[in-house]
Each structure stands twice: as C-alpha cells, then as structure tokens.
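Text of the file target35.tsv, holding TSV, N, CA and C atoms:
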```tsv
chain	number	residue	atom	x	y	z
A	216	MET	N	2.04	-17.71	8.29
A	216	MET	CA	1.42	-16.43	8.58
A	216	MET	C	1.96	-15.36	7.64
A	217	LEU	N	3.26	-15.41	7.39
A	217	LEU	CA	3.87	-14.41	6.51
A	217	LEU	C	3.31	-14.51	5.10
A	218	ALA	N	3.12	-15.72	4.61
A	218	ALA	CA	2.58	-15.90	3.26
A	218	ALA	C	1.15	-15.33	3.16
A	219	ILE	N	0.35	-15.56	4.18
A	219	ILE	CA	-1.03	-15.05	4.17
A	219	ILE	C	-1.02	-13.52	4.26
A	220	LEU	N	-0.18	-12.97	5.13
A	220	LEU	CA	-0.08	-11.51	5.23
A	220	LEU	C	0.39	-10.91	3.90
A	221	GLY	N	1.31	-11.60	3.22
A	221	GLY	CA	1.77	-11.14	1.91
A	221	GLY	C	0.65	-11.11	0.89
A	222	LYS	N	-0.17	-12.15	0.88
A	222	LYS	CA	-1.32	-12.19	-0.03
A	222	LYS	C	-2.29	-11.05	0.27
A	223	ILE	N	-2.51	-10.76	1.54
A	223	ILE	CA	-3.42	-9.68	1.92
A	223	ILE	C	-2.88	-8.34	1.46
A	224	SER	N	-1.60	-8.08	1.73
A	224	SER	CA	-1.03	-6.78	1.35
A	224	SER	C	-0.84	-6.63	-0.15
A	225	ASP	N	-0.83	-7.73	-0.88
A	225	ASP	CA	-0.72	-7.67	-2.34
A	225	ASP	C	-2.09	-7.60	-3.02
A	226	GLY	N	-3.15	-7.77	-2.25
A	226	GLY	CA	-4.49	-7.76	-2.83
A	226	GLY	C	-4.88	-9.07	-3.49
A	227	ARG	N	-4.25	-10.17	-3.08
A	227	ARG	CA	-4.52	-11.48	-3.68
A	227	ARG	C	-5.24	-12.44	-2.75
A	228	ALA	N	-5.61	-11.98	-1.56
A	228	ALA	CA	-6.20	-12.88	-0.56
A	228	ALA	C	-7.70	-13.03	-0.75
A	229	GLN	N	-8.22	-14.05	-0.12
A	229	GLN	CA	-9.66	-14.31	-0.06
A	229	GLN	C	-10.10	-14.04	1.37
A	230	ILE	N	-11.37	-13.77	1.57
A	230	ILE	CA	-11.88	-13.45	2.90
A	230	ILE	C	-11.61	-14.58	3.90
A	231	GLU	N	-11.57	-15.82	3.43
A	231	GLU	CA	-11.29	-16.97	4.29
A	231	GLU	C	-9.88	-16.92	4.87
A	232	ASP	N	-8.99	-16.18	4.22
A	232	ASP	CA	-7.60	-16.09	4.69
A	232	ASP	C	-7.50	-15.41	6.05
A	233	ILE	N	-8.45	-14.55	6.40
A	233	ILE	CA	-8.42	-13.92	7.71
A	233	ILE	C	-8.61	-14.98	8.80
A	234	ALA	N	-9.60	-15.84	8.63
A	234	ALA	CA	-9.84	-16.90	9.60
A	234	ALA	C	-8.66	-17.87	9.65
A	235	ARG	N	-8.09	-18.17	8.48
A	235	ARG	CA	-6.94	-19.06	8.40
A	235	ARG	C	-5.75	-18.46	9.16
A	236	LEU	N	-5.54	-17.17	8.97
A	236	LEU	CA	-4.44	-16.47	9.64
A	236	LEU	C	-4.63	-16.48	11.16
A	237	GLU	N	-5.84	-16.19	11.59
A	237	GLU	CA	-6.13	-16.17	13.02
A	237	GLU	C	-5.98	-17.56	13.64
A	238	LYS	N	-6.46	-18.57	12.95
A	238	LYS	CA	-6.35	-19.95	13.45
A	238	LYS	C	-4.89	-20.37	13.54
A	239	LEU	N	-4.10	-20.04	12.53
A	239	LEU	CA	-2.68	-20.38	12.53
A	239	LEU	C	-1.93	-19.65	13.64
A	240	ALA	N	-2.22	-18.36	13.82
A	240	ALA	CA	-1.56	-17.57	14.87
A	240	ALA	C	-1.88	-18.15	16.25
A	241	ASN	N	-3.13	-18.52	16.47
A	241	ASN	CA	-3.51	-19.11	17.76
A	241	ASN	C	-2.87	-20.48	17.97
A	242	ALA	N	-2.73	-21.25	16.90
A	242	ALA	CA	-2.09	-22.56	17.00
A	242	ALA	C	-0.62	-22.41	17.37
A	243	VAL	N	0.05	-21.44	16.78
A	243	VAL	CA	1.46	-21.19	17.12
A	243	VAL	C	1.57	-20.74	18.58
A	244	LYS	N	0.69	-19.83	18.97
A	244	LYS	CA	0.71	-19.31	20.34
A	244	LYS	C	0.46	-20.43	21.36
A	245	ASN	N	-0.53	-21.24	21.12
A	245	ASN	CA	-0.90	-22.28	22.08
A	245	ASN	C	-0.02	-23.52	22.01
A	246	GLY	N	0.61	-23.76	20.87
A	246	GLY	CA	1.40	-24.97	20.70
A	246	GLY	C	2.89	-24.81	20.92
A	247	SER	N	3.34	-23.61	21.16
A	247	SER	CA	4.77	-23.38	21.34
A	247	SER	C	5.23	-23.81	22.72
A	248	LEU	N	6.45	-24.33	22.78
A	248	LEU	CA	7.00	-24.80	24.04
A	248	LEU	C	7.88	-23.75	24.73
A	249	CYS	N	8.10	-22.63	24.06
A	249	CYS	CA	8.93	-21.59	24.67
A	249	CYS	C	8.21	-20.25	24.63
A	250	ALA	N	8.67	-19.32	25.43
A	250	ALA	CA	8.04	-18.00	25.52
A	250	ALA	C	8.13	-17.24	24.19
A	251	LEU	N	9.24	-17.39	23.51
A	251	LEU	CA	9.40	-16.68	22.23
A	251	LEU	C	8.36	-17.14	21.22
A	252	GLY	N	8.18	-18.44	21.11
A	252	GLY	CA	7.19	-18.97	20.18
A	252	GLY	C	5.77	-18.61	20.54
A	253	SER	N	5.50	-18.59	21.82
A	253	SER	CA	4.13	-18.30	22.24
A	253	SER	C	3.77	-16.82	22.11
A	254	THR	N	4.76	-15.94	22.04
A	254	THR	CA	4.47	-14.51	21.87
A	254	THR	C	4.68	-14.03	20.44
A	255	ALA	N	5.30	-14.83	19.60
A	255	ALA	CA	5.59	-14.42	18.22
A	255	ALA	C	4.35	-14.01	17.43
A	256	PRO	N	3.22	-14.69	17.57
A	256	PRO	CA	2.04	-14.29	16.78
A	256	PRO	C	1.26	-13.12	17.37
A	257	ASN	N	1.68	-12.58	18.51
A	257	ASN	CA	0.93	-11.50	19.15
A	257	ASN	C	0.71	-10.28	18.25
A	258	PRO	N	1.70	-9.81	17.49
A	258	PRO	CA	1.43	-8.66	16.62
A	258	PRO	C	0.32	-8.93	15.59
A	259	VAL	N	0.29	-10.14	15.07
A	259	VAL	CA	-0.74	-10.50	14.10
A	259	VAL	C	-2.11	-10.54	14.78
A	260	LEU	N	-2.18	-11.18	15.93
A	260	LEU	CA	-3.44	-11.27	16.65
A	260	LEU	C	-3.93	-9.90	17.10
A	261	THR	N	-3.03	-9.04	17.52
A	261	THR	CA	-3.40	-7.68	17.92
A	261	THR	C	-3.91	-6.89	16.72
A	262	ALA	N	-3.22	-7.00	15.60
A	262	ALA	CA	-3.66	-6.31	14.38
A	262	ALA	C	-5.04	-6.78	13.96
A	263	LEU	N	-5.28	-8.06	14.03
A	263	LEU	CA	-6.59	-8.59	13.68
A	263	LEU	C	-7.67	-8.11	14.65
A	264	ARG	N	-7.32	-8.00	15.92
A	264	ARG	CA	-8.29	-7.55	16.91
A	264	ARG	C	-8.68	-6.09	16.70
A	265	TYR	N	-7.70	-5.23	16.46
A	265	TYR	CA	-7.97	-3.79	16.40
A	265	TYR	C	-8.15	-3.23	14.99
A	266	PHE	N	-7.69	-3.95	13.97
A	266	PHE	CA	-7.74	-3.42	12.61
A	266	PHE	C	-8.34	-4.41	11.62
A	267	ARG	N	-9.22	-5.26	12.08
A	267	ARG	CA	-9.84	-6.27	11.21
A	267	ARG	C	-10.48	-5.63	9.98
A	268	GLU	N	-11.13	-4.48	10.15
A	268	GLU	CA	-11.79	-3.83	9.01
A	268	GLU	C	-10.79	-3.44	7.92
A	269	GLU	N	-9.55	-3.15	8.29
A	269	GLU	CA	-8.54	-2.86	7.26
A	269	GLU	C	-8.16	-4.13	6.50
A	270	PHE	N	-8.08	-5.25	7.19
A	270	PHE	CA	-7.82	-6.52	6.52
A	270	PHE	C	-8.94	-6.81	5.51
A	271	VAL	N	-10.17	-6.62	5.95
A	271	VAL	CA	-11.33	-6.84	5.08
A	271	VAL	C	-11.28	-5.89	3.88
A	272	GLU	N	-10.94	-4.64	4.12
A	272	GLU	CA	-10.83	-3.64	3.03
A	272	GLU	C	-9.79	-4.07	2.00
A	273	HIS	N	-8.66	-4.58	2.46
A	273	HIS	CA	-7.61	-5.07	1.56
A	273	HIS	C	-8.14	-6.20	0.68
A	274	ILE	N	-8.90	-7.09	1.29
A	274	ILE	CA	-9.36	-8.28	0.58
A	274	ILE	C	-10.55	-7.99	-0.34
A	275	LEU	N	-11.57	-7.38	0.20
A	275	LEU	CA	-12.80	-7.18	-0.59
A	275	LEU	C	-12.68	-6.05	-1.61
A	276	ASN	N	-12.03	-4.96	-1.23
A	276	ASN	CA	-11.96	-3.79	-2.12
A	276	ASN	C	-10.59	-3.58	-2.76
A	277	LYS	N	-9.64	-4.47	-2.46
A	277	LYS	CA	-8.28	-4.34	-2.99
A	277	LYS	C	-7.76	-2.92	-2.76
A	278	ALA	N	-7.95	-2.44	-1.53
A	278	ALA	CA	-7.56	-1.07	-1.17
A	278	ALA	C	-6.84	-1.07	0.16
A	279	CYS	N	-5.81	-0.22	0.26
A	279	CYS	CA	-5.07	-0.05	1.51
A	279	CYS	C	-5.36	1.33	2.06
A	280	PRO	N	-6.23	1.42	3.07
A	280	PRO	CA	-6.59	2.73	3.63
A	280	PRO	C	-5.40	3.48	4.22
A	281	SER	N	-4.37	2.75	4.65
A	281	SER	CA	-3.19	3.39	5.24
A	281	SER	C	-2.17	3.84	4.19
A	282	LEU	N	-2.41	3.47	2.94
A	282	LEU	CA	-1.53	3.84	1.82
A	282	LEU	C	-0.09	3.35	2.00
A	283	VAL	N	0.07	2.11	2.46
A	283	VAL	CA	1.41	1.55	2.62
A	283	VAL	C	1.66	0.30	1.79
A	284	CYS	N	0.63	-0.38	1.36
A	284	CYS	CA	0.81	-1.62	0.58
A	284	CYS	C	1.03	-1.26	-0.88
A	285	LYS	N	2.24	-1.51	-1.35
A	285	LYS	CA	2.68	-1.06	-2.66
A	285	LYS	C	1.75	-1.45	-3.81
A	286	ASN	N	1.24	-2.66	-3.78
A	286	ASN	CA	0.37	-3.11	-4.87
A	286	ASN	C	-1.02	-2.50	-4.83
A	287	LEU	N	-1.35	-1.83	-3.74
A	287	LEU	CA	-2.69	-1.27	-3.59
A	287	LEU	C	-2.71	0.25	-3.53
A	288	ILE	N	-1.59	0.86	-3.92
A	288	ILE	CA	-1.52	2.33	-3.98
A	288	ILE	C	-1.15	2.78	-5.38
A	289	ALA	N	-1.31	4.06	-5.62
A	289	ALA	CA	-0.92	4.64	-6.90
A	289	ALA	C	-0.41	6.06	-6.66
A	290	TYR	N	0.47	6.50	-7.52
A	290	TYR	CA	0.93	7.88	-7.51
A	290	TYR	C	0.36	8.56	-8.75
A	291	THR	N	-0.19	9.74	-8.56
A	291	THR	CA	-0.71	10.53	-9.67
A	291	THR	C	-0.22	11.96	-9.52
A	292	ILE	N	-0.36	12.72	-10.58
A	292	ILE	CA	0.01	14.12	-10.54
A	292	ILE	C	-1.24	14.96	-10.76
A	293	ASP	N	-1.50	15.87	-9.84
A	293	ASP	CA	-2.62	16.79	-9.93
A	293	ASP	C	-2.25	17.85	-10.98
A	294	ALA	N	-2.91	17.80	-12.12
A	294	ALA	CA	-2.59	18.69	-13.24
A	294	ALA	C	-2.76	20.16	-12.89
A	295	GLU	N	-3.66	20.47	-11.98
A	295	GLU	CA	-3.88	21.86	-11.58
A	295	GLU	C	-2.75	22.40	-10.72
A	296	LYS	N	-2.09	21.51	-9.99
A	296	LYS	CA	-0.99	21.94	-9.11
A	296	LYS	C	0.37	21.84	-9.78
A	297	CYS	N	0.50	20.98	-10.79
A	297	CYS	CA	1.79	20.76	-11.45
A	297	CYS	C	2.18	21.98	-12.28
A	298	LYS	N	3.40	22.45	-12.08
A	298	LYS	CA	3.91	23.62	-12.82
A	298	LYS	C	4.91	23.22	-13.90
A	299	GLY	N	5.12	21.91	-14.05
A	299	GLY	CA	6.02	21.44	-15.11
A	299	GLY	C	7.48	21.70	-14.83
A	300	CYS	N	7.88	21.67	-13.57
A	300	CYS	CA	9.28	21.93	-13.22
A	300	CYS	C	10.20	20.77	-13.60
A	301	SER	N	9.65	19.60	-13.83
A	301	SER	CA	10.36	18.38	-14.24
A	301	SER	C	11.24	17.76	-13.17
A	302	LEU	N	11.15	18.22	-11.93
A	302	LEU	CA	11.95	17.61	-10.86
A	302	LEU	C	11.51	16.16	-10.62
A	303	CYS	N	10.22	15.90	-10.75
A	303	CYS	CA	9.72	14.53	-10.58
A	303	CYS	C	10.24	13.62	-11.70
A	304	THR	N	10.28	14.15	-12.90
A	304	THR	CA	10.76	13.39	-14.06
A	304	THR	C	12.22	12.99	-13.86
A	305	GLU	N	13.01	13.92	-13.37
A	305	GLU	CA	14.43	13.65	-13.12
A	305	GLU	C	14.62	12.64	-11.99
A	306	ALA	N	13.73	12.66	-11.01
A	306	ALA	CA	13.85	11.76	-9.85
A	306	ALA	C	13.37	10.35	-10.14
A	307	CYS	N	12.50	10.18	-11.12
A	307	CYS	CA	11.92	8.86	-11.39
A	307	CYS	C	12.98	7.92	-11.96
A	308	PRO	N	13.25	6.80	-11.27
A	308	PRO	CA	14.29	5.88	-11.73
A	308	PRO	C	13.92	5.04	-12.95
A	309	VAL	N	12.63	5.02	-13.32
A	309	VAL	CA	12.21	4.17	-14.44
A	309	VAL	C	11.60	4.95	-15.60
A	310	GLY	N	11.62	6.27	-15.53
A	310	GLY	CA	11.08	7.08	-16.61
A	310	GLY	C	9.58	6.98	-16.78
A	311	ALA	N	8.85	6.83	-15.68
A	311	ALA	CA	7.39	6.68	-15.74
A	311	ALA	C	6.66	8.00	-15.88
A	312	ILE	N	7.37	9.12	-15.74
A	312	ILE	CA	6.71	10.43	-15.77
A	312	ILE	C	7.01	11.13	-17.09
A	313	GLN	N	5.94	11.64	-17.66
A	313	GLN	CA	6.07	12.33	-18.95
A	313	GLN	C	5.42	13.69	-18.88
A	314	GLY	N	5.89	14.58	-19.72
A	314	GLY	CA	5.32	15.91	-19.78
A	314	GLY	C	6.35	16.93	-20.25
A	315	GLU	N	5.86	17.98	-20.83
A	315	GLU	CA	6.71	19.05	-21.33
A	315	GLU	C	7.07	20.00	-20.19
A	316	LYS	N	8.21	20.66	-20.33
A	316	LYS	CA	8.63	21.68	-19.37
A	316	LYS	C	7.56	22.77	-19.31
A	317	LYS	N	7.22	23.19	-18.10
A	317	LYS	CA	6.23	24.23	-17.83
A	317	LYS	C	4.80	23.84	-18.21
A	318	ALA	N	4.55	22.52	-18.31
A	318	ALA	CA	3.21	22.00	-18.56
A	318	ALA	C	2.99	20.83	-17.60
A	319	ALA	N	1.76	20.54	-17.31
A	319	ALA	CA	1.46	19.47	-16.36
A	319	ALA	C	2.02	18.13	-16.84
A	320	HIS	N	2.59	17.38	-15.91
A	320	HIS	CA	3.15	16.07	-16.18
A	320	HIS	C	2.14	15.00	-15.77
A	321	PHE	N	2.40	13.75	-16.17
A	321	PHE	CA	1.56	12.64	-15.73
A	321	PHE	C	2.42	11.40	-15.54
A	322	ILE	N	1.93	10.50	-14.71
A	322	ILE	CA	2.65	9.27	-14.39
A	322	ILE	C	1.98	8.11	-15.11
A	323	ASN	N	2.77	7.33	-15.84
A	323	ASN	CA	2.27	6.14	-16.50
A	323	ASN	C	2.16	5.04	-15.44
A	324	PRO	N	0.95	4.62	-15.07
A	324	PRO	CA	0.80	3.62	-14.00
A	324	PRO	C	1.36	2.25	-14.36
A	325	LEU	N	1.51	1.96	-15.64
A	325	LEU	CA	2.06	0.67	-16.06
A	325	LEU	C	3.57	0.60	-15.88
A	326	THR	N	4.21	1.76	-15.88
A	326	THR	CA	5.66	1.83	-15.74
A	326	THR	C	6.08	2.13	-14.31
A	327	CYS	N	5.25	2.84	-13.58
A	327	CYS	CA	5.55	3.28	-12.21
A	327	CYS	C	5.83	2.09	-11.29
A	328	ILE	N	6.92	2.17	-10.52
A	328	ILE	CA	7.26	1.12	-9.56
A	328	ILE	C	6.86	1.51	-8.13
A	329	LYS	N	6.19	2.65	-8.00
A	329	LYS	CA	5.64	3.12	-6.73
A	329	LYS	C	6.70	3.30	-5.66
A	330	CYS	N	7.82	3.87	-6.05
A	330	CYS	CA	8.93	4.08	-5.12
A	330	CYS	C	8.78	5.37	-4.32
A	331	GLY	N	7.97	6.31	-4.82
A	331	GLY	CA	7.76	7.56	-4.11
A	331	GLY	C	8.79	8.65	-4.38
A	332	SER	N	9.74	8.37	-5.27
A	332	SER	CA	10.77	9.37	-5.59
A	332	SER	C	10.16	10.64	-6.16
A	333	CYS	N	9.14	10.50	-6.96
A	333	CYS	CA	8.48	11.65	-7.57
A	333	CYS	C	7.85	12.55	-6.51
A	334	ARG	N	7.20	11.92	-5.57
A	334	ARG	CA	6.54	12.68	-4.49
A	334	ARG	C	7.57	13.41	-3.64
A	335	ALA	N	8.68	12.75	-3.36
A	335	ALA	CA	9.73	13.36	-2.55
A	335	ALA	C	10.38	14.53	-3.30
A	336	ALA	N	10.45	14.43	-4.62
A	336	ALA	CA	11.11	15.47	-5.41
A	336	ALA	C	10.21	16.67	-5.69
A	337	CYS	N	8.91	16.47	-5.65
A	337	CYS	CA	7.98	17.56	-5.94
A	337	CYS	C	8.09	18.63	-4.85
A	338	PRO	N	8.34	19.88	-5.24
A	338	PRO	CA	8.49	20.94	-4.24
A	338	PRO	C	7.25	21.09	-3.35
A	339	ASP	N	7.49	21.34	-2.07
A	339	ASP	CA	6.40	21.50	-1.10
A	339	ASP	C	5.42	22.58	-1.51
A	340	LYS	N	5.89	23.59	-2.20
A	340	LYS	CA	4.99	24.69	-2.58
A	340	LYS	C	3.97	24.26	-3.64
A	341	PHE	N	4.24	23.14	-4.33
A	341	PHE	CA	3.29	22.64	-5.33
A	341	PHE	C	2.49	21.45	-4.81
A	342	LYS	N	3.18	20.48	-4.21
A	342	LYS	CA	2.55	19.23	-3.73
A	342	LYS	C	1.64	18.64	-4.79
A	343	ALA	N	2.17	18.53	-6.00
A	343	ALA	CA	1.37	18.05	-7.12
A	343	ALA	C	1.29	16.53	-7.20
A	344	VAL	N	2.28	15.83	-6.65
A	344	VAL	CA	2.27	14.37	-6.71
A	344	VAL	C	1.47	13.85	-5.52
A	345	VAL	N	0.48	13.01	-5.83
A	345	VAL	CA	-0.44	12.52	-4.82
A	345	VAL	C	-0.32	11.01	-4.70
A	346	LYS	N	-0.25	10.54	-3.45
A	346	LYS	CA	-0.27	9.10	-3.16
A	346	LYS	C	-1.69	8.76	-2.76
A	347	GLU	N	-2.29	7.77	-3.45
A	347	GLU	CA	-3.70	7.47	-3.22
A	347	GLU	C	-3.98	5.98	-3.36
A	348	VAL	N	-5.17	5.59	-2.95
A	348	VAL	CA	-5.61	4.20	-3.12
A	348	VAL	C	-5.71	3.93	-4.61
A	349	ALA	N	-5.13	2.82	-5.04
A	349	ALA	CA	-5.17	2.45	-6.45
A	349	ALA	C	-6.60	2.12	-6.86
A	350	ARG	N	-6.94	2.49	-8.05
A	350	ARG	CA	-8.25	2.16	-8.60
A	350	ARG	C	-8.13	0.91	-9.43
A	351	CYS	N	-8.66	-0.18	-8.89
A	351	CYS	CA	-8.57	-1.47	-9.58
A	351	CYS	C	-9.78	-1.65	-10.50
A	352	ALA	N	-9.53	-2.29	-11.61
A	352	ALA	CA	-10.62	-2.52	-12.57
A	352	ALA	C	-11.42	-3.75	-12.21
```

Please express the file's structure as structure tokens.
Amino acid sequence: MLAILGKISDGRAQIEDIARLEKLANAVKNGSLCALGSTAPNPVLTALRYFREEFVEHILNKACPSLVCKNLIAYTIDAEKCKGCSLCTEACPVGAIQGEKKAAHFINPLTCIKCGSCRAACPDKFKAVVKEVARCA
C-alpha cells in the first residue's frame, strides 16, 4: 500500500493503481488475524472513500490540489509583489533563486528542491513567493 501511495503522490501512478490499492487494503483488513492488522488499512480506505477525486487528480492531471505532494507542487515568485529584498535568496539552501537587489527575483524550477524556505523567508507584507500546483509538460 505504501508503494502505491508513493507512486500516487509522486505523480507516477496509473488509474488502475486506485483499484489495486483498494483491493489490497481490503485484503489486509479482511485477512488479518489481529485487531491491529484489521484496522491498519482504515486510513487508506477512508481517504479513498472521501477523497477519491483527489487521488484521480494526482494520477490523471499530475496535480496535488492540497499542495502537499512535493513532486506535484512548485514555488514561484510574483514579480509584481517582489521588492528584491533578497531574503528568499539568502534562505534558499541550494541557490535556486536569482535576481538583483531591489529587482524582482525568480526561482529556477530545475534547481529548486521545494523545501519552502523561500516562502517562509519572504516578508508577510510582500507575500511574493507562491506555492502552487506544478505545471507539467
């Protein structure tokens, strides 16, 4: 189940994986000899029951509507809001942010590790760093 959930959150799953996940969770639930084993798949089954459309969105559109799956999100800088304070640049552990002082900065998506340090460092009065659904080609 963990491997299938990992594929879904990474954007590598196929639509058939939802049925596979549900079948496996039910098999664990029904085939377990102890209470712990029979309740272990409940979070997965509950998520599938109430949030199936999000699973489908992850698979078909390679998008995470909740903005939590690292491989399916992106950080960008709104050029109109960025004042070029460079706090995001200083906070970025991999040097993915470029820009001149007092000019709008930008994030290189190929270098960004999606840690969120830039967003945390951006002053609340600007809120220039945006976390959004990644645009896949």

Exercise for review: In the coordinates of the file, take the point (3.4, 19.6, -18.2) and a cut-off of 12 Å; then, counting only C-alpha atoms, name each qualifying protein, DNA or RNA residue as a list of chain:residue names.
Suggested key: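 Using only C-alpha atoms, the matching residues come out as A:Ile292, A:Asp293, A:Ala294, A:Glu295, A:Lys296, A:Cys297, A:Lys298, A:Gly299, A:Cys300, A:Ser301, A:Leu302, A:Cys303, A:Thr304, A:Ile312, A:Gln313, A:Gly314, A:Glu315, A:Lys316, A:Lys317, A:Ala318, A:Ala319, A:His320, A:Phe321, A:Ile322, A:Ala343.
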
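Taking segment 232-291 of chain A and asking which residues DSSP calls strand (DSSP E) on the backbone, you get A:Ile288, A:Ala289, A:Tyr290, A:Thr291.
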
Could you dump the residues just selected with N, CA and C atoms as a tab-separated table (two decimals), in the frame of the given file?
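Ended up saving to result_18.tsv:
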```tsv
chain	number	residue	atom	x	y	z
A	288	ILE	N	-1.59	0.86	-3.92
A	288	ILE	CA	-1.52	2.33	-3.98
A	288	ILE	C	-1.15	2.78	-5.38
A	289	ALA	N	-1.31	4.06	-5.62
A	289	ALA	CA	-0.92	4.64	-6.90
A	289	ALA	C	-0.41	6.06	-6.66
A	290	TYR	N	0.47	6.50	-7.52
A	290	TYR	CA	0.93	7.88	-7.51
A	290	TYR	C	0.36	8.56	-8.75
A	291	THR	N	-0.19	9.74	-8.56
A	291	THR	CA	-0.71	10.53	-9.67
A	291	THR	C	-0.22	11.96	-9.52
```

Practice item. Rounded to one decimal place, report the atom CA of Glu305 of chain A-atom CA of Arg350 of chain A distance in Å. Key: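 Straight-line distance from atom CA of Glu305 of chain A to atom CA of Arg350 of chain A works out to 25.8 Å.
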
Review point. Residues at most 12 Å from Arg264 of chain A, counting only C-alpha atoms, excluding those fewer than 6 positions away in the same chain, as number ranges by chain?
Key: A: 233-234, 237, 257-258, 270

Check your understanding: Smallest atom-to-atom distance to Leu275 of chain A: which of A:Arg334, A:Lys244, A:Lys238, A:Arg227, using only C-alpha atoms?
Key -> A:Arg227

Practice item. Apply DSSP to the structure's backbone, then extract all residues of chain A labelled helix (DSSP H, G or I) and return them as an MDAnalysis selection string. Key: chainID A and resid 217:225 231:246 250:254 257:275 285:287 302:306 332:336

Exercise for review: Enter the distance from atom C of Lys277 of chain A to atom C of Glu347 of chain A, in Å, rounded to one decimal.
Suggested key: 9.7 Å

**Study point:** Distance query Thr326 of chain A at most 8 Å, all atoms listed in the file, self and fewer than 2 positions along chain excluded, as a list of chain:residue names
**Key:** A:Val309, A:Gly310, A:Ala311, A:Ile312, A:Ile322, A:Asn323, A:Pro324, A:Ile328, A:Lys329

Practice item. Quick one: pull the distance between atom CA of Ala228 of chain A and atom CA of Asn276 of chain A, Å, one decimal. Key: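 Computed distance, atom CA of Ala228 of chain A to atom CA of Asn276 of chain A, equals 10.9 Å.
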
Practice item. Counting only C-alpha atoms, figure out which residue out of A:Met216, A:Ile223, A:Leu263, A:Cys337 gets nearest to Leu239 of chain A. Key: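 Among the listed residues, the smallest separation from Leu239 of chain A belongs to A:Met216.
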
Review point. Which residues come within 9 Å of Gly331 of chain A, counting only C-alpha atoms, excluding same-chain residues fewer than 6 positions away, as a count of residues only?
Key: 3

**Study point:** Selected residue, from A:Val259, A:Leu251, A:Ala218, A:Ala306, that lies nearest to Ala335 of chain A when counting only C-alpha atoms
**Key:**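 Closest residue, counting only C-alpha atoms: A:Ala306.
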
Practice item. Write out as a ChimeraX atom specification which residues come within 9 Å of Leu260 of chain A when counting only C-alpha atoms, dropping same-chain ones fewer than 5 positions away. Key: /A:236-237,240-241,265

Export N, CA and C atoms of the chosen residues as an mmCIF file, in the coordinates of the input?
```cif
data_model
loop_
_atom_site.group_PDB
_atom_site.id
_atom_site.type_symbol
_atom_site.label_atom_id
_atom_site.label_comp_id
_atom_site.auth_asym_id
_atom_site.auth_seq_id
_atom_site.Cartn_x
_atom_site.Cartn_y
_atom_site.Cartn_z
ATOM 1 N N LEU A 236 -5.540 -17.170 8.970
ATOM 2 C CA LEU A 236 -4.440 -16.470 9.640
ATOM 3 C C LEU A 236 -4.630 -16.480 11.160
ATOM 4 N N GLU A 237 -5.840 -16.190 11.590
ATOM 5 C CA GLU A 237 -6.130 -16.170 13.020
ATOM 6 C C GLU A 237 -5.980 -17.560 13.640
ATOM 7 N N ALA A 240 -2.220 -18.360 13.820
ATOM 8 C CA ALA A 240 -1.560 -17.570 14.870
ATOM 9 C C ALA A 240 -1.880 -18.150 16.250
ATOM 10 N N ASN A 241 -3.130 -18.520 16.470
ATOM 11 C CA ASN A 241 -3.510 -19.110 17.760
ATOM 12 C C ASN A 241 -2.870 -20.480 17.970
ATOM 13 N N TYR A 265 -7.700 -5.230 16.460
ATOM 14 C CA TYR A 265 -7.970 -3.790 16.400
ATOM 15 C C TYR A 265 -8.150 -3.230 14.990
#
```

Review point. Pick the closest to Gly226 of chain A from A:Ala242, A:Ala262, A:Val345, A:Ile274: which is it, counting all atoms listed in the file?
Key: A:Ile274

Review point. Which polymer residues, protein or nucleic acid, are no farther than 9 Å from (2.6, 2.3, -1.3), counting only C-alpha atoms, as a list of chain:residue names?
Key: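 Checked against the point, the hits come out as A:Cys279, A:Ser281, A:Leu282, A:Val283, A:Cys284, A:Lys285, A:Asn286, A:Leu287, A:Ile288, A:Ala289, A:Tyr290, A:Lys329, A:Cys330, A:Gly331, A:Lys346, A:Glu347, A:Val348.
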